[in-house]
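Student: Have a look at the structure that comes next, please.
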Amino acid sequence: MQVSDTLLAELDSLHPRQRTAVLHDGNVVLRAGPGSGKTRTLVARIAYVLQTQISAFRGVACITYTNAAAEEIRRRVLRSGVRAEGRITCSTVHAFCLNEILRAFAHLTGQSAPQAGQVLNKTATEALLQRCFDQAGIAEVLAQHRVPQSTRIRRALACNENLDSFDPREVQAARLYEEQLILRGEIDFEAMVTRAVHIVREHAHVRDLLRSRFPHLVVDEYQDLGGVLHELVLALRDLAGITVFAVGDTDQSVYGFTGADAKYLTELAGRADFLDLELEVNYRSGQDIITAAEAALGLSRGRLAREGAPPGDVNLEQVEGGLADHARVTCDLVEQAQNKGISPERIAILYPARGRLLDDVRSELTRRKLDFRHEGDDKLPTGSLSRFVQRCASRAVTNYQIHTASGADRADMLRRTQAPSLASLARAFTTLRTEAQLAPSPSRLFVPRALQLCLDPEELYPAEAPALAWLEHLRAGLALDEIAARHPDQDNTSSLDDLAGLCRSKDLLLQDLARGEEVIGKVLLATYHAAKGREFDTVILPGLLQGLIPRDVHSGKQWRKPTETELAEQRRTFYVALTRAESTVTMIVGPGYETRNGYWMSLGPSAFVIEMARRLFPDEQT
């Protein structure tokens with residue numbers, strides 16, 4: 001098939017290794033470090049396959065780690081000029097397993113698809129796990145602290161891996177948990193993947209149908225998706241004959257506490273039927289930032305900045321006091337960056353974990369009236385329906401900001417806006433209705449009037465408008481209560497009522513509902529993990545103190561020192577944080593910190609920072 005001029009121009013602009021990955025006619029493992037253009041390569045691969053390798057009646061499945069990443073990839077493919085609407089399925093692994101395997105083939109496998117309220121939420125998962133702990137004789141262990149460990153055990157069980165490193169009682173509890181899910185007719189997100197693997201392995205006709213619909217599978221962030229997904233990929237590759245394009249980076253493997261392991265990416269890359277490629281150019285960061293980050297990682301990868309890129313600024317700020325001083329200096333740096341003309345949403349304050357540091361930074365940001373959004377804020381209900389409402393709120397707030405601006409300010413906002421598009425909201429709405437087993441929209445391009453209100457200049461909602469009236473309008477206009485009542489995810493059952501209750505009791509404004517989304521004019525405050533996959537002009541890292549990073553690990557009822565494996569993962573999360581910066585990264589250290597109970601911990605700067613400095617300046621005394 002002929003390549004379009006648009007796609008041909010994109011291919012010509014790629015680095016030779018990127019182009020090789022895109023054009024290879026077989027399986028590929030693409031090792032892509034921070035800022036290496038992996039999303040651009042992935043999107044080009046999907047567009048190339050859709051246009052030249054498969055018929056118009058077949059498509060590509062793309063599995064990502066987050067909903068935001070899935071939407072970004074889908075949006076960029078649709079903008080590539082390739083006929084992709086209806087031919088690309090881009091979703092998280094759980095959504096793929098639920099919608100494209102469990103639900104799609106329930107009538108062929110004899111296994112019923114999850115019905116209303118049968119997908120357990122966090123609270124129900126912890127309650128059931130606690131019951132299993134009680135039965136296994138470890139009632140003193142709180143399930144709410146052991147869900148990640150239980151997930152690791154369940155993944156090991158599903159992959160027939162060695163269980164000697166786990167507490168036998170917790171292994172028994174994990175087995176009981178799986179049995180209870182089946183007896184109760186329920187499912188959780190982990191079980192979705194496990195059951196999908198069994199279906200693919202056991203039903204040849206399902207494999208044939210999957211290969212017919214998706215002859216190509218793309219998997220993003222492979223190093224973070226764990227052993228069960230690896231088993232699913234191998235089944236789709238070896239049993240179904242689907243061509244696999246896997247993208248990952250062992251240096252950014254940071255979810256080992258749930259069973260993810262970079263060894264699966266390495267194993268895939270070592271197969272004879274896969275082309276193993278590595279991208280070496282970092283198009284995001286300056287060379288000084290790259291060098292500092294590799295020093296922090298303790299491994300010299302030899303990655304280079306793009307030709308002509310400024311070197312970037314790597315700064316170390318030393319405070320004399322505790323975490324309040326870290327917060328003060330952090331806000332000073334935010335103000336300095338804004339005074340230089342850097343947009344607030346291009347500034348990130350990243351911290352290792354919740355605690356006194358987060359409390360002090362939030363307090364100082366609020367005191368100085370610096371607009372920020374904290375992704376770790378847990379006041380809003382969880383679930384895809386609540387997430388959809390928040391995205392609509394983000395669209396409404398951004399629309400108001402754009403249309404009330406003028407001239408150059410409006411053009412600049414249009415260029416910088418990260419809020420969801422109307423098309424992406426319409427797709428999300430259609431997906432929610434499908435998952436709730438409701439009739440789909442009249443056409444794929446149908447956009448309900450209630451969604452149009454997010455963009456219609458005549459129906460603008462200021463960011464300071466009361467959230468309740470807006471929510472009720474959206475709720476009624478889209479019949480969201482019908483979705484909530486019939487959706488299989490328990491998180492969605494009461495989320496609308498919970499949102500409305502919060503709006504009433506807390507007098508929430510529209511901008512409060514939008515805080516989980518990209519909003520122009522707000523600095524990001526997030527953990528290292530939450531910032532993964534993003535990029536910012538300026539990154540500020542307060543609290544780089546021994547005891548905070550690296551930190552102790554909670555195990556059962558007590559805290560302990562991290563193992564070598566856990567310490568290496570914490571080092572990688574620090575590396576991830578550093579590599580979010582394009583132009584400037586500032587690390588803040590000091591003599592120690594106060595705990596929430598008021599105890600002073602005089603442990604000095606983080607060992608990671610000290611080791612980084614020694615590698616960067618071996619001839620100087622640290």
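All residue names refer to the structure tokens as shown: chains lettered A, B, ... in order, residues numbered from 1 in each chain, ligands numbered from 1 in order.
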List the spatial neighbours of Leu217 of chain A as an NGL selection string - criterion: any atom at most 7 Å away, only C-alpha atoms, same-chain residues fewer than 2 positions off excluded.
Tutor: :A and (60-62 or 214-215 or 219 or 242-245)
Student: Got a sec: who's within 9 Å of segment 83-94 of chain A, counting only C-alpha atoms, leaving out chain neighbours fewer than 5 positions off, as a PyMOL selection string?
Tutor: chain A and resi 46-47+50-51+56-67+69-71+73-74+77-78+99-100+189-190+192-193+213-214+225+229+444
Student: For Arg534 of chain A, which residue among A:Leu7, A:Ala292, A:Ala68, A:Ala136 is the nearest when counting only C-alpha atoms?
Tutor: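 Among the listed residues, the smallest separation from Arg534 of chain A belongs to A:Ala68.
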Student: Sort by chain and increasing residue number a table of all residues of segment 486-585 of chain A within 12 Å of segment 345-348 of chain A, each with its closest pair of atoms and their distance in Å to one decimal, counting only C-alpha atoms, and write it as JSON lines.
Tutor:
```
{"residue": "A:Glu517", "atom": "CA", "partner": "A:Glu345", "partner_atom": "CA", "distance": 10.9}
{"residue": "A:Glu518", "atom": "CA", "partner": "A:Glu345", "partner_atom": "CA", "distance": 7.7}
{"residue": "A:Val519", "atom": "CA", "partner": "A:Glu345", "partner_atom": "CA", "distance": 7.3}
{"residue": "A:Ile520", "atom": "CA", "partner": "A:Glu345", "partner_atom": "CA", "distance": 6.0}
{"residue": "A:Gly521", "atom": "CA", "partner": "A:Glu345", "partner_atom": "CA", "distance": 5.7}
{"residue": "A:Lys522", "atom": "CA", "partner": "A:Glu345", "partner_atom": "CA", "distance": 5.1}
{"residue": "A:Val523", "atom": "CA", "partner": "A:Glu345", "partner_atom": "CA", "distance": 4.9}
{"residue": "A:Leu524", "atom": "CA", "partner": "A:Ala348", "partner_atom": "CA", "distance": 4.7}
{"residue": "A:Leu525", "atom": "CA", "partner": "A:Ala348", "partner_atom": "CA", "distance": 6.1}
{"residue": "A:Ala526", "atom": "CA", "partner": "A:Ala348", "partner_atom": "CA", "distance": 7.6}
{"residue": "A:Thr527", "atom": "CA", "partner": "A:Ala348", "partner_atom": "CA", "distance": 10.0}
{"residue": "A:Tyr528", "atom": "CA", "partner": "A:Ala348", "partner_atom": "CA", "distance": 10.3}
{"residue": "A:Ala530", "atom": "CA", "partner": "A:Ala348", "partner_atom": "CA", "distance": 11.1}
{"residue": "A:Ala531", "atom": "CA", "partner": "A:Ala348", "partner_atom": "CA", "distance": 8.5}
{"residue": "A:Lys532", "atom": "CA", "partner": "A:Ala348", "partner_atom": "CA", "distance": 11.7}
{"residue": "A:Arg534", "atom": "CA", "partner": "A:Ala348", "partner_atom": "CA", "distance": 9.9}
{"residue": "A:Glu535", "atom": "CA", "partner": "A:Arg346", "partner_atom": "CA", "distance": 8.0}
{"residue": "A:Phe536", "atom": "CA", "partner": "A:Arg346", "partner_atom": "CA", "distance": 4.8}
{"residue": "A:Asp537", "atom": "CA", "partner": "A:Arg346", "partner_atom": "CA", "distance": 5.3}
{"residue": "A:Thr538", "atom": "CA", "partner": "A:Ile347", "partner_atom": "CA", "distance": 4.9}
{"residue": "A:Val539", "atom": "CA", "partner": "A:Ala348", "partner_atom": "CA", "distance": 4.9}
{"residue": "A:Ile540", "atom": "CA", "partner": "A:Ala348", "partner_atom": "CA", "distance": 6.2}
{"residue": "A:Leu541", "atom": "CA", "partner": "A:Ala348", "partner_atom": "CA", "distance": 8.6}
{"residue": "A:Pro542", "atom": "CA", "partner": "A:Ala348", "partner_atom": "CA", "distance": 11.0}
{"residue": "A:Ala577", "atom": "CA", "partner": "A:Ala348", "partner_atom": "CA", "distance": 9.7}
{"residue": "A:Leu578", "atom": "CA", "partner": "A:Ala348", "partner_atom": "CA", "distance": 10.9}
{"residue": "A:Thr579", "atom": "CA", "partner": "A:Ala348", "partner_atom": "CA", "distance": 11.9}
{"residue": "A:Arg580", "atom": "CA", "partner": "A:Ala348", "partner_atom": "CA", "distance": 8.7}
{"residue": "A:Ala581", "atom": "CA", "partner": "A:Ala348", "partner_atom": "CA", "distance": 8.7}
{"residue": "A:Glu582", "atom": "CA", "partner": "A:Arg346", "partner_atom": "CA", "distance": 9.7}
{"residue": "A:Ser583", "atom": "CA", "partner": "A:Arg346", "partner_atom": "CA", "distance": 10.5}
{"residue": "A:Thr584", "atom": "CA", "partner": "A:Ile347", "partner_atom": "CA", "distance": 9.6}
{"residue": "A:Val585", "atom": "CA", "partner": "A:Ala348", "partner_atom": "CA", "distance": 9.6}
```
Student: From segment 236-370 of chain A, collect each residue whose DSSP state is helix (DSSP H, G or I) and return the set as a PyMOL selection string.
Tutor: chain A and resi 236-239+250-252+256-258+263-269+287-297+323-339+344-346+356-367
Student: Give me the residues near His198 of chain A as a list in words, where near means some atom within 12 Å (using only C-alpha atoms) and where sequence neighbours in that chain fewer than 2 positions away do not count.
Tutor: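 Once the adjacent positions are removed, what remains is Cys97, Ile101, Leu102, Thr109, Gln111, Ala158, Cys159, Ala191, Met192, Val193, Thr194, Arg195, Ala196, Val200, Arg201, Glu202, His203, Ala204, Val206, Arg207, Val228, Leu229, Glu231, Leu232, Ala235 and Leu236 of chain A.
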Student: Which of these residues is nearest to Glu564 of chain A, using only C-alpha atoms: A:Asp552, A:Gly185, A:Ala262, A:Val171?
Tutor: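 Ranking A:Asp552, A:Gly185, A:Ala262, A:Val171 by distance to Glu564 of chain A, first place goes to A:Asp552.
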Student: Which one of A:Leu181, A:Ala293, A:Val361, A:Val233 sits closest to Val576 of chain A if you count only C-alpha atoms?
Tutor: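 Smallest separation from Val576 of chain A among the options: A:Ala293.
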Student: Could you give me, as a short mmCIF file (atom, residue, chain, number, x, y, z; two decimals) with N, CA, C and O atoms, in the first residue's frame, the residues within 10 Å of Leu357 of chain A, counting only C-alpha atoms and dropping anything in the same chain fewer than 4 positions from it?
Tutor:
```cif
data_model
loop_
_atom_site.label_atom_id
_atom_site.label_comp_id
_atom_site.auth_asym_id
_atom_site.auth_seq_id
_atom_site.Cartn_x
_atom_site.Cartn_y
_atom_site.Cartn_z
N GLY A 322 14.57 22.82 58.72
CA GLY A 322 13.85 21.62 58.37
C GLY A 322 12.96 21.78 57.16
O GLY A 322 13.22 22.58 56.26
N LEU A 323 11.85 21.04 57.16
CA LEU A 323 11.00 20.96 55.98
C LEU A 323 10.27 22.26 55.68
O LEU A 323 9.93 22.53 54.53
N ALA A 324 10.04 23.09 56.70
CA ALA A 324 9.43 24.39 56.44
C ALA A 324 10.33 25.24 55.55
O ALA A 324 9.86 25.99 54.69
N HIS A 326 12.45 23.95 53.37
CA HIS A 326 12.33 23.34 52.04
C HIS A 326 11.12 23.92 51.31
O HIS A 326 11.20 24.24 50.12
N ALA A 327 10.00 24.05 52.03
CA ALA A 327 8.78 24.58 51.42
C ALA A 327 8.96 26.03 51.02
O ALA A 327 8.52 26.45 49.94
N TYR A 351 7.76 15.14 44.96
CA TYR A 351 8.17 14.67 46.29
C TYR A 351 8.10 13.15 46.31
O TYR A 351 7.35 12.53 45.56
N PRO A 352 8.88 12.50 47.20
CA PRO A 352 8.94 11.03 47.18
C PRO A 352 7.71 10.32 47.72
O PRO A 352 7.31 9.29 47.20
N ALA A 353 7.08 10.86 48.79
CA ALA A 353 5.93 10.18 49.40
C ALA A 353 5.19 11.16 50.31
O ALA A 353 5.72 12.21 50.70
N VAL A 361 4.76 21.93 52.09
CA VAL A 361 4.78 22.54 50.76
C VAL A 361 3.38 23.03 50.39
O VAL A 361 3.21 24.15 49.87
N ARG A 362 2.37 22.21 50.64
CA ARG A 362 0.99 22.62 50.32
C ARG A 362 0.60 23.87 51.12
O ARG A 362 -0.03 24.79 50.59
N SER A 363 0.97 23.89 52.39
CA SER A 363 0.64 25.03 53.24
C SER A 363 1.29 26.31 52.73
O SER A 363 0.66 27.37 52.68
N PRO A 542 12.17 19.12 46.47
CA PRO A 542 12.46 19.38 47.88
C PRO A 542 12.56 18.07 48.66
O PRO A 542 12.18 17.00 48.17
N GLY A 543 13.08 18.16 49.89
CA GLY A 543 13.08 17.00 50.77
C GLY A 543 14.02 15.90 50.39
O GLY A 543 13.76 14.73 50.71
N LEU A 548 13.89 10.21 53.97
CA LEU A 548 12.75 10.50 53.09
C LEU A 548 12.97 9.87 51.72
O LEU A 548 12.04 9.36 51.10
N TYR A 593 15.13 16.70 59.16
CA TYR A 593 13.71 17.02 59.02
C TYR A 593 12.95 16.64 60.29
O TYR A 593 13.43 15.87 61.13
N GLU A 594 11.75 17.22 60.40
CA GLU A 594 10.87 16.89 61.51
C GLU A 594 9.83 15.88 61.04
O GLU A 594 9.31 15.97 59.93
N THR A 595 9.52 14.91 61.89
CA THR A 595 8.44 13.99 61.58
C THR A 595 7.11 14.66 61.91
O THR A 595 7.08 15.75 62.51
N ARG A 596 6.00 14.00 61.54
CA ARG A 596 4.70 14.56 61.86
C ARG A 596 4.46 14.61 63.37
O ARG A 596 3.64 15.39 63.85
#
```
Student: Quick one, how far is atom CA of Lys379 of chain A from atom CA of Arg367 of chain A?
Tutor: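 A separation of 20.4 Å between them.
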Student: Using only C-alpha atoms, can you tell me which of A:Asp360, A:Glu482, A:Asp288, A:Asp276 comes closest to Leu30 of chain A?
Tutor: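 Once distances to Leu30 of chain A are computed over only C-alpha atoms, the minimum belongs to A:Asp276.
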Student: Counting only C-alpha atoms, what is within 12 Å of Arg271 of chain A, bar same-chain residues fewer than 3 positions away, as a list in words?
Tutor: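 The residues satisfying every condition are Asn27, Val28, Val29, Leu234, Arg237, Asp238, Tyr264, Leu265, Thr266, Glu267, Leu268, Phe274, Leu275 and Asp276 of chain A.
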Student: With only C-alpha atoms as the basis for distance, which of A:Ala174, A:Gly26, A:Ala436, A:Leu183 is at the shortest distance from Ala272 of chain A?
Tutor: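 Of all the options, A:Gly26 lies closest to Ala272 of chain A.
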Student: Find the distance between atom CA of Asp313 of chain A and atom CA of Thr586 of chain A and write it in Å to one decimal.
Tutor: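 Value for the atom CA of Asp313 of chain A-atom CA of Thr586 of chain A distance: 8.1 Å.
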Student: How far is it from atom CA of Gln558 of chain A to atom CA of Ser602 of chain A, in Å with one decimal?
Tutor: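 Distance between the two atoms: 21.6 Å.
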Student: Rank A:Gly590, A:Ala240, A:Gly298, A:Ser384 by their smallest atom-to-atom distance to Leu210 of chain A, using only C-alpha atoms, and report the top residue only.
Tutor: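 Closest candidate: A:Ala240.
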Student: Identify, on the basis of only C-alpha atoms, every residue whose closest approach to Phe388 of chain A does not exceed 8 Å; exclude the query and any residue fewer than 6 positions from it along the same chain; express the result as a list of chain:residue names.
Tutor: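 Returned residues: A:Leu425, A:Ala428, A:Phe429.
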